[in-house]
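Structure data follow from run.csv (CSV, C-alpha atoms (C1' of nucleotides)):
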chain,number,residue,atom,x,y,z
N,1,MET,CA,-0.5,27.2,-15.0
N,2,LYS,CA,2.1,24.6,-14.4
N,3,ILE,CA,1.6,21.8,-11.9
N,4,GLY,CA,3.5,23.5,-9.1
N,5,GLU,CA,1.2,26.5,-9.2
N,6,VAL,CA,-1.9,24.3,-9.2
N,7,ALA,CA,-0.5,22.4,-6.2
N,8,ALA,CA,0.2,25.6,-4.3
N,9,ARG,CA,-3.3,27.0,-5.1
N,10,THR,CA,-5.2,23.8,-4.1
N,11,GLY,CA,-3.0,22.8,-1.2
N,12,LEU,CA,-2.4,19.4,-2.8
N,13,THR,CA,1.1,18.1,-3.8
N,14,ALA,CA,2.2,17.9,-7.5
N,15,GLN,CA,2.6,14.1,-6.9
N,16,ALA,CA,-1.0,13.8,-5.8
N,17,ILE,CA,-2.2,15.7,-8.8
N,18,ARG,CA,-0.3,13.4,-11.2
N,19,TYR,CA,-1.7,10.5,-9.3
N,20,TYR,CA,-5.2,11.7,-9.8
N,21,GLU,CA,-4.5,12.1,-13.5
N,22,ARG,CA,-3.2,8.5,-13.7
N,23,GLU,CA,-6.2,7.2,-11.8
N,24,GLY,CA,-8.6,8.9,-14.3
N,25,LEU,CA,-10.0,11.6,-11.9
N,26,LEU,CA,-8.5,14.3,-14.1
N,27,PRO,CA,-8.4,14.5,-17.9
N,28,ARG,CA,-4.9,14.3,-19.3
N,29,ALA,CA,-3.4,17.7,-19.1
N,30,SER,CA,-2.2,19.5,-22.2
N,31,ARG,CA,1.6,20.0,-22.4
N,32,THR,CA,4.2,22.6,-23.3
N,33,HIS,CA,6.4,21.6,-26.2
N,34,THR,CA,8.9,20.4,-23.6
N,35,GLY,CA,6.4,18.1,-21.9
N,36,TYR,CA,5.3,20.2,-18.9
N,37,ARG,CA,1.7,19.9,-17.9
N,38,LEU,CA,-0.5,23.0,-18.4
N,39,TYR,CA,-3.7,23.6,-16.6
N,40,GLY,CA,-6.6,26.1,-17.0
N,41,PRO,CA,-8.5,27.5,-14.1
N,42,GLU,CA,-11.2,24.9,-14.3
N,43,ALA,CA,-8.7,22.4,-13.0
N,44,LEU,CA,-8.7,24.2,-9.7
N,45,ASN,CA,-12.5,23.6,-9.4
N,46,ARG,CA,-12.2,20.0,-10.1
N,47,LEU,CA,-9.3,19.6,-7.7
N,48,ALA,CA,-11.2,21.5,-5.0
N,49,PHE,CA,-14.1,19.1,-5.5
N,50,ILE,CA,-11.9,16.1,-5.2
N,51,LYS,CA,-10.2,17.5,-2.1
N,52,GLN,CA,-13.4,18.4,-0.4
N,53,ALA,CA,-14.9,15.0,-1.2
N,54,ARG,CA,-11.8,13.3,0.2
N,55,GLN,CA,-12.2,15.3,3.4
N,56,LEU,CA,-15.8,14.2,3.6
N,57,GLY,CA,-14.5,10.6,3.6
N,58,LEU,CA,-15.1,9.5,0.0
N,59,SER,CA,-12.7,7.2,-1.6
N,60,LEU,CA,-11.0,8.1,-4.9
N,61,GLU,CA,-13.1,5.4,-6.6
N,62,GLU,CA,-16.3,6.9,-5.3
N,63,ILE,CA,-15.2,10.4,-6.4
N,64,LYS,CA,-14.3,9.0,-9.8
N,65,ARG,CA,-17.8,7.6,-10.2
N,66,VAL,CA,-19.3,11.0,-9.3
N,67,LEU,CA,-17.0,12.8,-11.7
N,68,ASP,CA,-17.8,10.4,-14.5
N,69,MET,CA,-21.5,10.9,-14.1
N,70,SER,CA,-21.0,14.6,-14.1
N,71,ASP,CA,-18.8,14.5,-17.1
N,72,SER,CA,-21.4,12.5,-19.0
N,73,GLY,CA,-24.1,15.1,-18.2
N,74,ARG,CA,-26.0,13.2,-15.5
N,75,ALA,CA,-26.7,14.8,-12.2
N,76,PRO,CA,-24.6,13.0,-9.6
N,77,CYS,CA,-26.3,14.8,-6.7
N,78,CYS,CA,-28.6,12.0,-5.7
N,79,GLN,CA,-25.7,9.6,-5.7
N,80,VAL,CA,-23.6,12.0,-3.6
N,81,ARG,CA,-26.4,12.2,-1.1
N,82,THR,CA,-26.5,8.4,-0.8
N,83,LEU,CA,-22.8,8.1,-0.7
N,84,LEU,CA,-22.5,10.6,2.1
N,85,ALA,CA,-25.4,9.1,4.1
N,86,GLY,CA,-23.5,5.8,3.9
N,87,LYS,CA,-20.3,7.4,5.0
N,88,LEU,CA,-22.1,9.0,8.0
N,89,GLU,CA,-23.5,5.7,9.1
N,90,HIS,CA,-20.1,4.1,8.7
N,91,LEU,CA,-18.5,7.0,10.6
N,92,ASP,CA,-21.0,6.5,13.5
N,93,ARG,CA,-20.1,2.9,13.7
N,94,THR,CA,-16.4,3.6,13.6
N,95,ILE,CA,-16.6,6.2,16.3
N,96,ALA,CA,-18.7,3.9,18.6
N,97,GLU,CA,-16.1,1.2,18.1
N,98,LEU,CA,-13.2,3.5,18.9
N,99,VAL,CA,-15.0,4.8,22.0
N,100,THR,CA,-15.5,1.2,23.2
N,101,LEU,CA,-11.8,0.5,22.5
N,102,ARG,CA,-10.8,3.7,24.4
N,103,ASP,CA,-12.9,2.8,27.4
N,104,GLN,CA,-11.5,-0.7,27.4
N,105,LEU,CA,-7.9,0.6,27.2
N,106,ARG,CA,-8.6,3.1,30.0
N,107,ARG,CA,-10.0,0.5,32.3
N,108,PHE,CA,-7.1,-1.8,31.4
N,109,LEU,CA,-4.5,0.9,32.1
N,110,SER,CA,-6.0,1.7,35.5
N,111,LYS,CA,-6.2,-2.0,36.3
N,112,ILE,CA,-2.5,-2.6,35.6
N,113,ALA,CA,-1.3,0.6,37.2
N,114,GLY,CA,-0.6,-1.0,40.5
N,115,MET,CA,0.7,-4.3,39.3
N,116,PRO,CA,4.3,-5.2,39.6
N,117,ASP,CA,6.5,-5.8,36.6
N,118,GLN,CA,7.8,-9.3,36.1
N,119,ALA,CA,10.1,-11.1,33.8
N,120,ASP,CA,8.9,-14.5,33.0
N,121,ALA,CA,10.3,-17.5,31.3
N,122,SER,CA,6.9,-19.1,31.5
N,123,ASP,CA,4.4,-19.4,28.7
N,124,HIS,CA,2.8,-16.1,29.3
N,125,ILE,CA,4.4,-13.0,27.8
N,126,CYS,CA,3.3,-10.1,29.8
N,127,ARG,CA,0.8,-10.8,32.5
N,128,LEU,CA,-0.6,-7.3,31.9
N,129,ILE,CA,-1.9,-8.1,28.4
N,130,GLN,CA,-2.7,-11.6,29.4
N,131,VAL,CA,-5.2,-10.2,31.8
N,132,ALA,CA,-6.7,-8.3,28.9
N,133,ALA,CA,-6.8,-11.4,26.8
N,134,ALA,CA,-9.0,-13.0,29.5
N,135,VAL,CA,-11.6,-10.5,28.6
N,136,PRO,CA,-15.2,-11.6,27.9
N,137,PRO,CA,-14.8,-13.6,24.6
N,138,ASP,CA,-17.6,-11.8,22.7
N,139,ALA,CA,-15.7,-8.5,23.1
N,140,ALA,CA,-13.3,-10.1,20.6
N,141,ARG,CA,-16.2,-9.9,18.1
N,142,THR,CA,-15.4,-6.2,17.5
N,143,ARG,CA,-13.4,-6.0,14.2
N,144,GLN,CA,-10.1,-4.3,13.7
N,145,SER,CA,-10.4,-0.6,14.0
N,146,ARG,CA,-9.9,1.4,10.7
V,1,MET,CA,-1.6,-29.0,15.5
V,2,LYS,CA,-1.3,-27.9,11.9
V,3,ILE,CA,-1.8,-24.3,10.9
V,4,GLY,CA,-5.5,-24.7,10.0
V,5,GLU,CA,-6.4,-25.8,13.5
V,6,VAL,CA,-4.3,-23.0,15.0
V,7,ALA,CA,-6.1,-20.6,12.8
V,8,ALA,CA,-9.6,-21.9,13.7
V,9,ARG,CA,-8.7,-21.9,17.4
V,10,THR,CA,-7.3,-18.3,17.5
V,11,GLY,CA,-9.7,-16.8,15.0
V,12,LEU,CA,-6.8,-15.7,12.8
V,13,THR,CA,-6.2,-16.8,9.2
V,14,ALA,CA,-3.5,-19.2,8.3
V,15,GLN,CA,-2.1,-16.5,6.0
V,16,ALA,CA,-1.8,-14.1,8.9
V,17,ILE,CA,-0.1,-16.7,11.0
V,18,ARG,CA,2.5,-17.3,8.3
V,19,TYR,CA,2.9,-13.6,7.9
V,20,TYR,CA,3.6,-13.2,11.7
V,21,GLU,CA,6.2,-15.9,11.4
V,22,ARG,CA,7.9,-14.2,8.4
V,23,GLU,CA,7.9,-10.9,10.3
V,24,GLY,CA,9.6,-12.5,13.3
V,25,LEU,CA,6.7,-12.4,15.8
V,26,LEU,CA,6.6,-16.2,15.9
V,27,PRO,CA,9.5,-18.6,16.0
V,28,ARG,CA,9.9,-20.7,12.9
V,29,ALA,CA,7.5,-23.6,13.4
V,30,SER,CA,8.7,-27.2,13.3
V,31,ARG,CA,7.6,-29.2,10.3
V,32,THR,CA,6.3,-32.6,9.3
V,33,HIS,CA,8.5,-34.6,7.0
V,34,THR,CA,6.3,-33.3,4.1
V,35,GLY,CA,6.8,-29.7,5.2
V,36,TYR,CA,3.6,-28.9,7.0
V,37,ARG,CA,4.0,-26.5,10.0
V,38,LEU,CA,3.4,-28.1,13.4
V,39,TYR,CA,2.4,-26.1,16.5
V,40,GLY,CA,2.3,-26.9,20.2
V,41,PRO,CA,-0.3,-25.4,22.5
V,42,GLU,CA,2.0,-22.5,23.5
V,43,ALA,CA,1.6,-21.1,20.1
V,44,LEU,CA,-2.0,-20.4,21.0
V,45,ASN,CA,-0.9,-18.2,23.9
V,46,ARG,CA,1.5,-16.3,21.8
V,47,LEU,CA,-1.1,-15.7,19.1
V,48,ALA,CA,-3.7,-14.7,21.6
V,49,PHE,CA,-1.3,-12.2,23.0
V,50,ILE,CA,-0.6,-10.8,19.5
V,51,LYS,CA,-4.3,-10.7,18.7
V,52,GLN,CA,-5.2,-8.9,21.9
V,53,ALA,CA,-2.4,-6.4,21.5
V,54,ARG,CA,-3.5,-5.7,17.9
V,55,GLN,CA,-7.0,-5.1,19.2
V,56,LEU,CA,-5.6,-2.7,21.8
V,57,GLY,CA,-4.1,-0.8,18.8
V,58,LEU,CA,-0.4,-1.8,18.9
V,59,SER,CA,1.4,-2.2,15.6
V,60,LEU,CA,3.1,-5.4,14.8
V,61,GLU,CA,6.5,-3.7,15.3
V,62,GLU,CA,5.5,-2.6,18.8
V,63,ILE,CA,4.3,-6.1,19.6
V,64,LYS,CA,7.5,-7.6,18.3
V,65,ARG,CA,9.5,-5.4,20.6
V,66,VAL,CA,7.5,-6.6,23.6
V,67,LEU,CA,7.8,-10.2,22.5
V,68,ASP,CA,11.6,-9.9,22.0
V,69,MET,CA,12.0,-8.4,25.5
V,70,SER,CA,9.9,-11.2,27.0
V,71,ASP,CA,11.8,-13.8,25.0
V,72,SER,CA,15.1,-12.5,26.3
V,73,GLY,CA,13.9,-12.7,29.9
V,74,ARG,CA,13.3,-9.0,30.6
V,75,ALA,CA,9.9,-7.8,31.9
V,76,PRO,CA,8.2,-5.9,29.1
V,77,CYS,CA,5.4,-4.7,31.4
V,78,CYS,CA,6.8,-1.2,31.9
V,79,GLN,CA,7.2,-0.8,28.2
V,80,VAL,CA,3.6,-2.1,27.7
V,81,ARG,CA,2.3,0.5,30.0
V,82,THR,CA,4.1,3.3,28.2
V,83,LEU,CA,3.0,2.0,24.8
V,84,LEU,CA,-0.6,1.7,25.9
V,85,ALA,CA,-0.7,5.2,27.4
V,86,GLY,CA,0.6,6.6,24.1
V,87,LYS,CA,-2.1,4.6,22.2
V,88,LEU,CA,-4.7,6.0,24.5
V,89,GLU,CA,-3.6,9.6,23.8
V,90,HIS,CA,-3.6,8.9,20.1
V,91,LEU,CA,-7.0,7.3,20.3
V,92,ASP,CA,-8.4,10.4,22.0
V,93,ARG,CA,-7.1,12.6,19.2
V,94,THR,CA,-8.5,10.2,16.5
V,95,ILE,CA,-11.9,10.1,18.1
V,96,ALA,CA,-12.0,13.9,18.4
V,97,GLU,CA,-11.1,14.2,14.7
V,98,LEU,CA,-13.7,11.8,13.6
V,99,VAL,CA,-16.4,13.4,15.7
V,100,THR,CA,-15.5,16.7,14.1
V,101,LEU,CA,-15.8,15.1,10.7
V,102,ARG,CA,-19.1,13.5,11.6
V,103,ASP,CA,-20.6,16.8,12.7
V,104,GLN,CA,-19.3,18.4,9.5
V,105,LEU,CA,-20.8,15.7,7.4
V,106,ARG,CA,-24.1,15.8,9.3
V,107,ARG,CA,-24.5,19.6,8.9
V,108,PHE,CA,-23.6,19.2,5.3
V,109,LEU,CA,-26.2,16.5,4.7
V,110,SER,CA,-29.0,18.5,6.3
V,111,LYS,CA,-27.9,21.6,4.3
V,112,ILE,CA,-28.2,19.7,1.0
V,113,ALA,CA,-31.3,17.8,2.0
V,114,GLY,CA,-33.7,20.3,0.3
V,115,MET,CA,-31.6,21.2,-2.7
V,116,PRO,CA,-32.7,20.0,-6.1
V,117,ASP,CA,-30.6,17.7,-8.2
V,118,GLN,CA,-29.2,19.1,-11.3
V,119,ALA,CA,-27.2,17.9,-14.2
V,120,ASP,CA,-24.7,20.4,-15.4
V,121,ALA,CA,-22.5,20.8,-18.4
V,122,SER,CA,-21.0,23.9,-16.6
V,123,ASP,CA,-17.7,23.9,-14.9
V,124,HIS,CA,-19.0,22.8,-11.5
V,125,ILE,CA,-19.4,19.2,-10.8
V,126,CYS,CA,-22.0,18.7,-8.2
V,127,ARG,CA,-23.4,21.9,-6.6
V,128,LEU,CA,-23.9,20.0,-3.4
V,129,ILE,CA,-20.2,19.5,-2.8
V,130,GLN,CA,-19.3,22.8,-4.5
V,131,VAL,CA,-21.2,24.4,-1.6
V,132,ALA,CA,-18.9,22.6,0.8
V,133,ALA,CA,-15.8,23.5,-1.2
V,134,ALA,CA,-16.7,27.2,-1.0
V,135,VAL,CA,-15.4,27.2,2.5
V,136,PRO,CA,-13.3,30.1,3.9
V,137,PRO,CA,-10.2,30.2,1.6
V,138,ASP,CA,-7.6,30.1,4.4
V,139,ALA,CA,-9.1,26.8,5.5
V,140,ALA,CA,-7.3,25.5,2.5
V,141,ARG,CA,-4.1,26.3,4.4
V,142,THR,CA,-4.8,23.3,6.7
V,143,ARG,CA,-2.7,20.4,5.5
V,144,GLN,CA,-4.3,17.3,4.1
V,145,SER,CA,-6.0,15.4,6.9
V,146,ARG,CA,-4.5,11.9,6.7
I,1,DT,C1',-8.3,-43.8,-7.8
I,2,DT,C1',-10.8,-40.1,-7.5
I,3,DG,C1',-11.8,-35.9,-5.1
I,4,DA,C1',-12.2,-32.7,-1.4
I,5,DA,C1',-9.9,-30.5,1.9
I,6,DC,C1',-5.9,-29.3,3.5
I,7,DC,C1',-1.0,-27.7,3.1
I,8,DT,C1',3.3,-25.3,0.7
I,9,DT,C1',5.8,-21.1,-1.6
I,10,DA,C1',5.9,-17.0,-4.3
I,11,DT,C1',4.0,-13.0,-6.0
I,12,DA,C1',0.8,-9.3,-6.6
I,13,DG,C1',-2.7,-6.4,-4.9
I,14,DT,C1',-5.1,-3.3,-1.5
I,15,DC,C1',-5.3,2.5,-0.5
I,16,DG,C1',-3.7,7.1,-1.2
I,17,DC,C1',-0.4,8.7,-1.6
I,18,DT,C1',5.1,9.9,-0.4
I,19,DG,C1',9.9,9.4,-1.4
I,20,DT,C1',13.7,8.6,-4.3
I,21,DA,C1',16.4,8.3,-8.5
I,22,DA,C1',17.8,10.0,-12.7
I,23,DG,C1',17.3,13.1,-15.7
I,24,DG,C1',15.5,17.5,-18.7
I,25,DT,C1',13.9,22.8,-18.6
I,26,DT,C1',13.6,27.5,-17.3
I,27,DC,C1',15.4,31.6,-15.8
I,28,DA,C1',18.1,34.9,-13.4
I,29,DT,C1',22.7,36.1,-12.4
I,30,DC,C1',27.7,36.2,-13.1
A,1,DG,C1',27.6,31.5,-22.3
A,2,DA,C1',28.2,29.2,-17.9
A,3,DT,C1',26.5,28.3,-13.6
A,4,DG,C1',23.0,27.2,-10.2
A,5,DA,C1',18.5,27.0,-8.2
A,6,DA,C1',14.1,25.9,-8.8
A,7,DC,C1',11.2,23.8,-11.4
A,8,DC,C1',9.5,19.9,-14.3
A,9,DT,C1',9.4,14.7,-16.3
A,10,DT,C1',9.0,9.4,-15.7
A,11,DA,C1',9.4,5.2,-13.2
A,12,DC,C1',9.6,2.6,-9.4
A,13,DA,C1',9.7,1.3,-4.3
A,14,DG,C1',7.6,1.8,0.1
A,15,DC,C1',4.0,2.2,3.7
A,16,DG,C1',0.9,-1.5,7.2
A,17,DA,C1',-1.2,-5.6,7.8
A,18,DC,C1',-2.7,-8.3,5.7
A,19,DT,C1',-5.7,-10.8,1.4
A,20,DA,C1',-5.9,-13.0,-3.0
A,21,DT,C1',-4.2,-15.7,-6.5
A,22,DA,C1',-1.4,-19.2,-8.9
A,23,DA,C1',0.6,-23.4,-9.2
A,24,DG,C1',1.6,-27.2,-7.0
A,25,DG,C1',2.1,-31.1,-3.1
A,26,DT,C1',-0.3,-34.1,0.9
A,27,DT,C1',-3.8,-36.5,3.4
A,28,DC,C1',-7.6,-39.2,3.9
A,29,DA,C1',-12.1,-41.0,3.2
A,30,DA,C1',-15.3,-43.0,-0.2
Would you mind writing the file's structure down as structure tokens?
Amino acid sequence: MKIGEVAARTGLTAQAIRYYEREGLLPRASRTHTGYRLYGPEALNRLAFIKQARQLGLSLEEIKRVLDMSDSGRAPCCQVRTLLAGKLEHLDRTIAELVTLRDQLRRFLSKIAGMPDQADASDHICRLIQVAAAVPPDAARTRQSR
Amino acid sequence: MKIGEVAARTGLTAQAIRYYEREGLLPRASRTHTGYRLYGPEALNRLAFIKQARQLGLSLEEIKRVLDMSDSGRAPCCQVRTLLAGKLEHLDRTIAELVTLRDQLRRFLSKIAGMPDQADASDHICRLIQVAAAVPPDAARTRQSR
DNA sequence: TTGAACCTTATAGTCGCTGTAAGGTTCATC
DNA sequence: GATGAACCTTACAGCGACTATAAGGTTCAA
């Protein structure tokens, strides 16, 4: 198989596949005499693994660690469990933050719904957001989302 | 005030403040005779606005548009309302996506909780994630999720 | 006069790709 | 055998909002 077929079969782009090779997640593919990459069916498995792991929220670096373990004959399953448990926790925190943000934004929007627009040459920019800035200062403790 | 004090007072980094200046969100600061940036108290307002708007999910480009309007004497409030309403919608979608992902991850973790670890020289990498990859094949049609 | 703590610019790196440029290959059709 | 479309190759720039680093100048107290 050439890279285009692999791309079509995995739902990845050819660019992404080359990128994974460059990053060491795929072994260097063999080539035709004119330099085209050639893949066997096992590449589909590996790419399906990478794709699934990405969709579960693992970074390429984490995936590479798992693949390297597997390639050297060690069972990566335990590490996968730990990794995913960590991701789940992180995801919980992220969702909680975004829900907080959403509620803040919603309250804010309904608060400003009735306010008049105003141009101002004064030191405040938009009274609408200024109001929001005057929010309890420890709400500013929430770090930037994603 | 020099940049370090502004940074400490706003909770931003000096680098970020210089970056905002480069990107046109702040006017070029005046300088001491040795080249240090000097800020008046109004810079704190402007930076508080930027920070708050960022926390509400606006991009620097969107914030710049609002600031430019305000600087030219037009009321940006209407645009701010529209911008924030859009962000709220987007936020709703993002949260829904992440909740789906979390549920998927949770189900997956409980599914693999009882499975034994295994090293494998075979063509599969980690049976744990392989199970997940063996998902209905037309699910592969769904384009890559961010 | 030493040193720490501050400031300056410029440049590279982050992440996971995508997009583009500039070119070579394959294959069917004219 | 010439043309053209569809494929492939590499290399490099760009995204967003910064952070990190290098290499140097300034300020101020001990």
Best match for closeness to DT29 in chain I among A:DC12, A:DA17, A:DA23, A:DA5, counting all atoms listed in the file
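Smallest separation from DT29 in chain I among the options: A:DA5.
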Between CA of Ser72 in chain N and CA of Arg18 in chain N - distance in Å to one decimal
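We find that CA of Arg18 in chain N and CA of Ser72 in chain N lie 22.5 Å from each other.
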Give me the residues near Glu23 in chain V as a PyMOL selection string, where near means some atom within 10 Å (using all atoms listed in the file) and where sequence neighbours in that chain fewer than 6 positions away do not count.
chain V and resi 17+60-61+64
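Applying a distance limit of 12 Å to all atoms listed in the file, the residues of chain A near chain N read DA6, DC7, DC8, DT9, DT10, DG16, DA17 and DC18 of chain A.
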Write a file of the selected residues as an mmCIF file, in the frame of the given file, keeping C-alpha atoms (C1' of nucleotides).
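Wrote it out as out.cif, contents follow:
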data_model
loop_
_atom_site.group_PDB
_atom_site.id
_atom_site.type_symbol
_atom_site.label_atom_id
_atom_site.label_comp_id
_atom_site.auth_asym_id
_atom_site.auth_seq_id
_atom_site.Cartn_x
_atom_site.Cartn_y
_atom_site.Cartn_z
ATOM 1 C "C1'" DA A 6 14.100 25.900 -8.800
ATOM 2 C "C1'" DC A 7 11.200 23.800 -11.400
ATOM 3 C "C1'" DC A 8 9.500 19.900 -14.300
ATOM 4 C "C1'" DT A 9 9.400 14.700 -16.300
ATOM 5 C "C1'" DT A 10 9.000 9.400 -15.700
ATOM 6 C "C1'" DG A 16 0.900 -1.500 7.200
ATOM 7 C "C1'" DA A 17 -1.200 -5.600 7.800
ATOM 8 C "C1'" DC A 18 -2.700 -8.300 5.700
#
Nearest residue to DT9 in chain I from the set A:DC28, A:DA11, A:DA22, A:DA2 (distances using only C-alpha atoms (C1' of nucleotides))
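Among the listed residues, the smallest separation from DT9 in chain I belongs to A:DA22.
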